[in-house]
Every structure is written in C-alpha cells, then in structure tokens.
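K.L.:
First the structure, which I've put down as structure tokens, then a few questions once you've had a look.
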Amino acid sequence: MTRTAHDPFPEVILGNANRRFSGVTSTMLQVLEHQQNQASIVVLGAWHLPSTVRHVQFLTLLRQLRGQQAKGRIVVFHARRNNEMIQGLIIRSLARCTVRLLFTSTAQRHHTRLTRWLMKQMDSVISTCNAAASYLKTPPDKLIPHGIDTERYQPSTRTRSLTGGLGHPSPTLHRALWAGSATKRR
C-alpha cells in the first residue's frame, strides 16, 4: 500500500519500555533525530521523549495495527530490550499488518535463556560492535556501529587555554575521562 503525506500509519515502531534513562534510551534518542527524516516513526512509550517526538501507548498502537487501514502494510518493530521484544511478539500475533521484528544486541555479556529464545523469534538481529556480536550464539544478520558523530564531537583547538584554566601546567599532561558505571554488573 502506498503512503501519502497525510498518512499517520507508522513504517517503524521503536520500543521505549524503560522508565530509567539508560544508555539504550540515550542512543535511541540520538539516532531517532536522523531516522525521523527517513521514515514514518512512532515510539512505543513516552519515557524521556521530547515533546516533538510522535509516541503512542501500547493499546492505542494495537488498535491502529488491527484496523482496516493496516491490511497490506508492513511495519518494522525495533526492540532493544527483552520487554520490547515481548511487546513486538504480541503486536505481531494480533496485528492485521505484517510486522517484522528487529532486535539490536549491544550487551557484551552472555544472554539469559529467555533473551536467547526471544532473539530466535525475531526476524532479524543486529549488533553494534564485534565485541557484542561475539556473545551471540548465532552471528547477527548485520553489524551496524553506533559510532560517534565526529561533526559534533571534536578535539578542541584551544588545548592550551583549556588546560591552563584547569591548573595544568603542560598541554601534554595525560588526562582521562570516566563516563560509565563503577558498579558490579550481573
């Protein structure tokens, strides 16, 4: 079925089922800015979203995907967490349109039996790096690095003035930035 400019039917559904603001949420928000220019996207769940992002609640989305306008459509459901894969499975089983399930695996640890079973139900699994892909029992369908926006994040050309302001006498002094958690994980 062909889309029109006024067609509110989504081409892509992004799972957003975590109340906590996590790295997964941050990545989704950063990538969403670029994806919205390429497809009709709706986010399932309103957690941590700017007001400009189109979002929907589960039952509202399910009603839309069961409606007459859903027949003949293809929708991609992109999950990043177990609960989002479960939502996708429910939607796929009840929708009148074709729902393709995609899971992005970023975890650099062994997956639980439940997660492995859920991933087997997906139409496609992608990973963001070789390290994360090495923990998958089956190789990912695609490796798509998130990467760093080098247009946005660049080394400063004002190194001397920045280090002087921090009280460091030498611009060659080595520095480190910790941007993570120091807590023990599972």
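So you can find residues: chains in the structure tokens are A, B, ... in the order shown, residues in each start at 1, and ligands are numbered from 1 in order.
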Which residues come within 10 Å of region 18-31 of chain A, counting only C-alpha atoms, excluding same-chain residues fewer than 2 positions away, as a list in words?
P.N.:
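My list of contacting residues is Leu14, Gly15, Asn16, Glu33, His34, Gln35, Gln36, Val43, Gly45, Ala46, Trp47, His48, Leu49, Pro50, Val53, Arg80, Arg81, Asn83, Glu84, Thr104, Thr106, His146, Asp149 and Gly180 of chain A.
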K.L.:
For Ala79 (chain A), which of A:Pro145, A:Val12, A:Ser134, A:Gln108 is the closest residue, counting only C-alpha atoms?
P.N.:
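Checking each candidate against Ala79 (chain A), we get A:Val12 as the closest.
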K.L.:
Compare A:Ile13, A:Cys97, A:Leu143, A:Leu136 by their minimum atom-to-atom distance to Thr112 (chain A), counting only C-alpha atoms, and give me the closest one.
P.N.:
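Distance minimum relative to Thr112 (chain A) lands on A:Leu136.
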K.L.:
Name all residues at most 10 Å from Leu65 (chain A) (count only C-alpha atoms; drop same-chain ones fewer than 4 positions away) and give them as a list in words.
P.N.:
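Within the cut-off, the hits are Phe9, Pro10, Leu59, Thr60, Leu61, Gln69, Ala70, Lys71, Arg73, Val75, Ile91, Arg92, Leu94, Ala95, Arg96, Cys97, Thr98 and Val99 of chain A.
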K.L.:
Would you mind listing what lies within 12 Å of Trp117 (chain A) as a PyMOL selection string, with only C-alpha atoms counted and same-chain residues fewer than 4 positions away left out?
P.N.:
chain A and resi 82+85-86+89+111-113+121-122+136-138
K.L.:
Could you state the separation of CA of Phe103 (chain A) and CA of Arg66 (chain A) in Å, given to one decimal place?
P.N.:
22.6 Å
